[in-house]
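Q: Have a look at this one.
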Amino acid sequence: MLMTQAKRRNNVMTLFGQIKFPKLLFFGGILLTIGGVAFSLILPLEVRTFVDSFKTHFSMRGVLLIVAMLIGSTVFNMGGGYVLGIAGQRIVSQLRSNVSAHIITLPVPFFDGHRSAEVASHVSSDTEKINDLISSNVSTLVSGLLLTIGSMVILFTISPLLTIIIIGALGLMGLVIAPISKTQSGLYHQTQDQLGKYNADLQQSIAEIRLIKTSDAEPAMIKILKKRIHQLYRTNLRITLLNALIDPIEFTILMGTIFFVFIVGGAMVSRGTITIGTLTSFLIYVFQVLTPIASVGATLTEFRAANGAAQTLTELFDQPGEATTTLSDDVPTTSSAITFDHVNFSYQTGDGPTINDLSLTIAPQKTTAFVGPSGGGKSTILSLIERFYHLDSGTITYAGRNVQDIPLPQWRASISYVSQETSMLFGTIRDNLVFGLTAKPDDDTIKRALQSAAALDFVNDLPAGLDTELAEQAQNLSGGQIQRLMIARAFLRPAPIIILDEATASLDSASEQSIEDAIERLQQTKTIIIVAHRLATVKNANTIFFIEKGAVTGSGTHQSLIATHPLYRQYVEEQLV
Ligand SMILES: Nc1ncnc2c1ncn2[C@@H]1O[C@H](COP(=O)(O)OP(=O)(O)OP(=O)(O)O)[C@@H](O)[C@H]1O
């Protein structure tokens, strides 16, 4: 299951609360279906008159009336099905767009706890299940229900005894099918989860294909995938078994009932209680009632499948998203100090605190660096500045104002973030450089940013320049080239704070030097925050904080730390800085 807590409620109806329900289309479709049902209900009465007229004459008028009713019922049912289908598509497309938008607003901790491909698989396949339900099954259910009620009323006026036989058959059908359909529903939910896990593993293996090959892990990965496929196969086998049971059971009950009605009805005809026409019309009603009732089992199963799918989607909607107020002009343009005041923070993994009573000030229009042993909490400090996580206690202030009080979009717009991961999207180099910018810069501005990031030369050398399409994960560029593009992207954002998290790790020394020069120029107007393992990258920083176990164990310039911090000095000696 995507989320752990299953709730007792009608998930499909809860899900409809998330959208603007297309009432006009829905009720229009139902009205047309009712029209179709009305024709189907009158038809057997006309057949009765027609059959009974055989004794005296052959009624051509009767034939024409029956044909007209058949056409009427077909046209109305088609119209009803089509209009309800449109309503279904509207609902599903709204659901898809709402759930996609909601996922994008979910906070970072949600993604720490869920595999992205699993979530994506749920969203696409679960909405498809709702689509199946609305576009095909709602009209079947509505017409089946109306036809059954209408037919039963008419049947009762024709022959209460025969009607009781049919009610008995219906009860039997319900008793047999209800438990099967309930089991099927649970199994459908299970397959959705298993499919999600299989998709996640498959996507991960494709994304990490180089790692798999270099680790000689093909057999192990194939084994994992086969295990997932086997689980899915076993669940689907159980569904297949239940499907195989349902149809013959329904057919036997249907045929048995018709045979029984024939016997009892035949006896009534021979005694003269009813006419042959009445028996014929009765049998047509029986078909009309039992056929939808037989498919009610399948429809209910589909409804349960959709309900299972809807459960995952409602749970997804229940996850609170981050505030996404629209960006106003209130974006800070000048730099101010960022101050951590007794900040404590732990990840939800329960591994204890990652940041311990951290107090420090990042000076405006200066370069501040964080260094220290791996796992010490440097990237976490950056995530806290970005407000990816909530603090356990303490405050982070900007210009004396608690950053929690600054609207999130405004705060994020104040920061250009270059992460350790090579974050490039599909599209051209230009698309990637201007990603997220509301005012699209012209080519000259883009080229200046590329120049500052020491990326202009290689972009110019590409066959299509700025319009070069990037492969998945930008595999057609080198690690250093991607990093330079990410830095250029940060330079293009009009943000007063620039965060570089190991952003220059894969650069050659010439590129690194030109980026250091660019940073020095930027520092006149912006606050630069750098995390780096290579001390050569940070030795010119105005302040360096040495972070160990989530706390500052030393701070100052490169020279002062060499003098005061033995571990820093040891790093310097090891790295020959
Ligand atoms: N998303 C996360 N969920 C749970 N724990 C995390 C998460 N990110 C980091 N941690 C843990 O928090 C601790 C600090 O990690 P962090 O990445 O901040 O360290 P770092 O100093 O930046 O390390 P490095 O220099 O290796 O990048 C580590 O123990 C890490 O395992």
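Naming scheme: A, B, ... for chains in displayed order of the structure tokens; residues 1 onward per chain; ligands 1 onward as shown.
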List as an NGL selection string the protein and nucleic acid residues near Gly196 of chain A, meaning an atom at most 6 Å away when only C-alpha atoms are counted, but skip any in the same chain fewer than 3 places from it.
A: :A and (118 or 121-122 or 193 or 199)
Q: Can you tell me which residues surround segment 342-347 of chain A at a distance of at most 9 Å, considering only C-alpha atoms, apart from same-chain residues fewer than 6 positions away, and format the answer as a PyMOL selection string?
A: chain A and resi 109+353-360+380+384+389-396+550
Q: Around ligand 1, at most 6 Å away and counting only C-alpha atoms and all ligand atoms, which residues are there? Put them as a list in words, please.
A: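 With only C-alpha atoms and all ligand atoms and a cut-off of 6 Å, ligand 1 is contacted by Asp112, Tyr347, Thr349, Thr354, Ser374, Gly375, Gly376, Gly377, Lys378, Ser379 and Thr380 of chain A.
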Q: With only C-alpha atoms as the basis for distance, which of A:Val289, A:Leu477, A:Ala87, A:Leu232 is at the shortest distance from Val37 of chain A?
A: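 Using only C-alpha atoms, Val37 of chain A sits closest to A:Val289.
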Q: For segment 487-491 of chain A, please output as a list in words all residues within 6 Å (counting only C-alpha atoms; exclusion window: fewer than 3 positions along the same chain).
A: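 Returned residues: Ser416, Leu433, Ala449, Leu450, Ala453 and Arg484 of chain A.
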Q: Tell me, as an MDAnalysis selection string, which residues lie within 8 Å of segment 100-102 of chain A, counting only C-alpha atoms; anything in the same chain fewer than 3 positions away does not count.
A: chainID A and resid 96:97 105:106 123 317 321
Q: Report, in Å to a single decimal, how far apart atom CA of Phe370 of chain A and atom CA of Ser509 of chain A are.
A: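 We find that atom CA of Ser509 of chain A and atom CA of Phe370 of chain A lie 20.3 Å from each other.
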Q: Grab the atom CA of Tyr188 of chain A to atom CA of Ile206 of chain A distance for me, in Å with one decimal place.
A: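 So the two atoms, atom CA of Tyr188 of chain A and atom CA of Ile206 of chain A, lie 26.7 Å apart.
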Q: Return the single residue from A:Arg521, A:Lys440, A:Lys55, A:His189 that is closest to Arg304 of chain A, with distances computed using only C-alpha atoms.
A: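 Closest to Arg304 of chain A of all the choices is A:His189.
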Q: Just the residues within 9 Å of Ser514 of chain A, please, counting only C-alpha atoms, with nothing from its chain fewer than 6 positions along; format it as number ranges by chain.
A: A: 451-454
Q: Please provide the set of residues having any atom within 8 Å of Glu250 of chain A, restricted to only C-alpha atoms, with same-chain residues fewer than 3 positions apart removed, written as a ChimeraX atom specification.
A: /A:173,246-247,253-254,294
Q: Since we have the selection now, will you write its residues out, keeping N, CA and C atoms, as an mmCIF file, in the first residue's frame?
A:
```cif
data_model
loop_
_atom_site.group_PDB
_atom_site.id
_atom_site.type_symbol
_atom_site.label_atom_id
_atom_site.label_comp_id
_atom_site.auth_asym_id
_atom_site.auth_seq_id
_atom_site.Cartn_x
_atom_site.Cartn_y
_atom_site.Cartn_z
ATOM 1 N N MET A 173 -28.272 -15.625 -6.351
ATOM 2 C CA MET A 173 -27.148 -15.049 -7.110
ATOM 3 C C MET A 173 -26.335 -14.122 -6.203
ATOM 4 N N ILE A 246 -17.160 -17.088 -11.491
ATOM 5 C CA ILE A 246 -18.357 -16.235 -11.484
ATOM 6 C C ILE A 246 -19.249 -16.471 -12.714
ATOM 7 N N ASP A 247 -18.655 -16.453 -13.920
ATOM 8 C CA ASP A 247 -19.484 -16.518 -15.132
ATOM 9 C C ASP A 247 -20.318 -17.792 -15.219
ATOM 10 N N ILE A 253 -27.373 -20.249 -12.831
ATOM 11 C CA ILE A 253 -28.534 -19.716 -12.090
ATOM 12 C C ILE A 253 -29.547 -19.099 -13.066
ATOM 13 N N LEU A 254 -29.002 -18.355 -14.081
ATOM 14 C CA LEU A 254 -29.852 -17.697 -15.075
ATOM 15 C C LEU A 254 -30.688 -18.733 -15.832
ATOM 16 N N ALA A 294 -26.773 -10.370 -13.640
ATOM 17 C CA ALA A 294 -25.585 -11.212 -13.796
ATOM 18 C C ALA A 294 -24.348 -10.339 -13.964
#
```
Q: Could you list, as a ChimeraX atom specification, every residue within 8 Å of segment 80-85 of chain A, counting only C-alpha atoms and ignoring same-chain residues fewer than 2 positions away?
A: /A:25-26,28-33,76-78,87-89,134-136,138-139
Q: Which of segment 408-450 of chain A end up as helix (DSSP H, G or I) when DSSP is run on this backbone - answer as a PyMOL selection string?
A: chain A and resi 408-413+429-433+443-450
Q: Using only C-alpha atoms, please write the residues we just selected to a file, as a PDB file, in the first residue's frame.
A:
```pdb
ATOM      1  CA  LEU A 408       7.314  29.863   0.872  1.00  0.00           C
ATOM      2  CA  PRO A 409       7.342  30.796  -2.854  1.00  0.00           C
ATOM      3  CA  GLN A 410       8.845  34.188  -1.983  1.00  0.00           C
ATOM      4  CA  TRP A 411      11.502  32.581   0.174  1.00  0.00           C
ATOM      5  CA  ARG A 412      12.401  29.938  -2.400  1.00  0.00           C
ATOM      6  CA  ALA A 413      12.552  32.627  -5.102  1.00  0.00           C
ATOM      7  CA  ILE A 429      19.899  23.450 -22.851  1.00  0.00           C
ATOM      8  CA  ARG A 430      17.965  26.730 -23.087  1.00  0.00           C
ATOM      9  CA  ASP A 431      14.820  25.129 -21.544  1.00  0.00           C
ATOM     10  CA  ASN A 432      16.933  23.927 -18.636  1.00  0.00           C
ATOM     11  CA  LEU A 433      18.662  27.258 -18.107  1.00  0.00           C
ATOM     12  CA  ASP A 443      20.074  35.113 -25.439  1.00  0.00           C
ATOM     13  CA  ASP A 444      22.646  37.740 -24.464  1.00  0.00           C
ATOM     14  CA  THR A 445      21.747  37.395 -20.769  1.00  0.00           C
ATOM     15  CA  ILE A 446      21.863  33.596 -21.054  1.00  0.00           C
ATOM     16  CA  LYS A 447      25.270  33.765 -22.717  1.00  0.00           C
ATOM     17  CA  ARG A 448      26.631  36.058 -19.985  1.00  0.00           C
ATOM     18  CA  ALA A 449      25.503  33.523 -17.348  1.00  0.00           C
ATOM     19  CA  LEU A 450      27.126  30.714 -19.342  1.00  0.00           C
TER      20      LEU A 450
END
```
Q: Using only C-alpha atoms, which residues of segment 378-481 of chain A come within 10 Å of segment 523-546 of chain A, and what is the closest atom pair for each, with the distance in Å to one decimal? Give it as CSV, sorted by chain and residue number.
A:
```
residue,atom,partner,partner_atom,distance
A:Lys378,CA,A:Val531,CA,6.7
A:Ser379,CA,A:Val531,CA,7.4
A:Ile381,CA,A:Val531,CA,9.8
A:Leu382,CA,A:Ile529,CA,8.5
A:Ile415,CA,A:Thr527,CA,9.4
A:Ser416,CA,A:Ile528,CA,9.6
A:Tyr417,CA,A:Ile529,CA,9.5
A:Val418,CA,A:Ile530,CA,9.6
A:Ser419,CA,A:Val531,CA,9.7
A:Gln420,CA,A:Val531,CA,9.5
```
Q: Export N, CA and C atoms of the chosen residues as a PDB file, in the first residue's frame?
A:
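Contents of the output file again-v7.pdb:
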```
ATOM      1  N   LYS A 378      26.114  18.916   6.679  1.00  0.00           N
ATOM      2  CA  LYS A 378      26.265  20.133   5.860  1.00  0.00           C
ATOM      3  C   LYS A 378      25.081  20.301   4.891  1.00  0.00           C
ATOM      4  N   SER A 379      24.766  19.211   4.146  1.00  0.00           N
ATOM      5  CA  SER A 379      23.651  19.317   3.189  1.00  0.00           C
ATOM      6  C   SER A 379      22.336  19.526   3.919  1.00  0.00           C
ATOM      7  N   ILE A 381      21.909  21.296   6.587  1.00  0.00           N
ATOM      8  CA  ILE A 381      21.811  22.734   6.900  1.00  0.00           C
ATOM      9  C   ILE A 381      21.242  23.476   5.683  1.00  0.00           C
ATOM     10  N   LEU A 382      21.733  23.107   4.485  1.00  0.00           N
ATOM     11  CA  LEU A 382      21.235  23.762   3.274  1.00  0.00           C
ATOM     12  C   LEU A 382      19.745  23.458   3.071  1.00  0.00           C
ATOM     13  N   ILE A 415      16.383  32.229  -3.411  1.00  0.00           N
ATOM     14  CA  ILE A 415      17.547  31.335  -3.361  1.00  0.00           C
ATOM     15  C   ILE A 415      17.781  30.658  -4.708  1.00  0.00           C
ATOM     16  N   SER A 416      19.022  30.671  -5.164  1.00  0.00           N
ATOM     17  CA  SER A 416      19.416  29.834  -6.305  1.00  0.00           C
ATOM     18  C   SER A 416      20.146  28.643  -5.721  1.00  0.00           C
ATOM     19  N   TYR A 417      19.692  27.444  -6.039  1.00  0.00           N
ATOM     20  CA  TYR A 417      20.237  26.257  -5.396  1.00  0.00           C
ATOM     21  C   TYR A 417      20.900  25.367  -6.439  1.00  0.00           C
ATOM     22  N   VAL A 418      22.163  25.085  -6.249  1.00  0.00           N
ATOM     23  CA  VAL A 418      22.847  24.137  -7.140  1.00  0.00           C
ATOM     24  C   VAL A 418      23.189  22.920  -6.294  1.00  0.00           C
ATOM     25  N   SER A 419      22.525  21.797  -6.616  1.00  0.00           N
ATOM     26  CA  SER A 419      22.682  20.632  -5.733  1.00  0.00           C
ATOM     27  C   SER A 419      23.831  19.728  -6.171  1.00  0.00           C
ATOM     28  N   GLN A 420      24.131  18.720  -5.322  1.00  0.00           N
ATOM     29  CA  GLN A 420      25.172  17.754  -5.680  1.00  0.00           C
ATOM     30  C   GLN A 420      24.712  16.896  -6.853  1.00  0.00           C
TER      31      GLN A 420
END
```
Q: Where in segment 304-544 of chain A does DSSP assign strand (DSSP E or B), given as a VMD selection string?
A: chain A and resid 338 to 346 353 to 362 367 to 371 393 to 398 401 to 402 415 to 418 427 to 428 469 to 470 497 to 501 527 to 531 543 to 544
Q: Counting only C-alpha atoms, which of A:Leu316, A:Thr361, A:Pro407, A:Ile547 gets nearest to Phe111 of chain A?
A: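 Going through A:Leu316, A:Thr361, A:Pro407, A:Ile547 one by one, the smallest distance to Phe111 of chain A is for A:Leu316.
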Q: Let me make sure I understand: among A:Phe282, A:Phe287, A:Tyr198, A:Phe110, which one has the smallest atom-to-atom distance to Phe388 of chain A if we use only C-alpha atoms?
A: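 Result for the nearest residue to Phe388 of chain A: A:Phe110.
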Q: Identify which of the residues A:Ala309, A:Leu64, A:Gly427, A:Phe303 lies closest to Thr468 of chain A, counting only C-alpha atoms when measuring atom-to-atom distances.
A: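 Closest to Thr468 of chain A of all the choices is A:Gly427.
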Q: For Leu242 of chain A, which of A:Ser560, A:Ala310, A:Leu147, A:Ile180 is the closest residue, counting only C-alpha atoms?
A: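 Looking at the shortest contact to Leu242 of chain A, the residue is A:Ile180.
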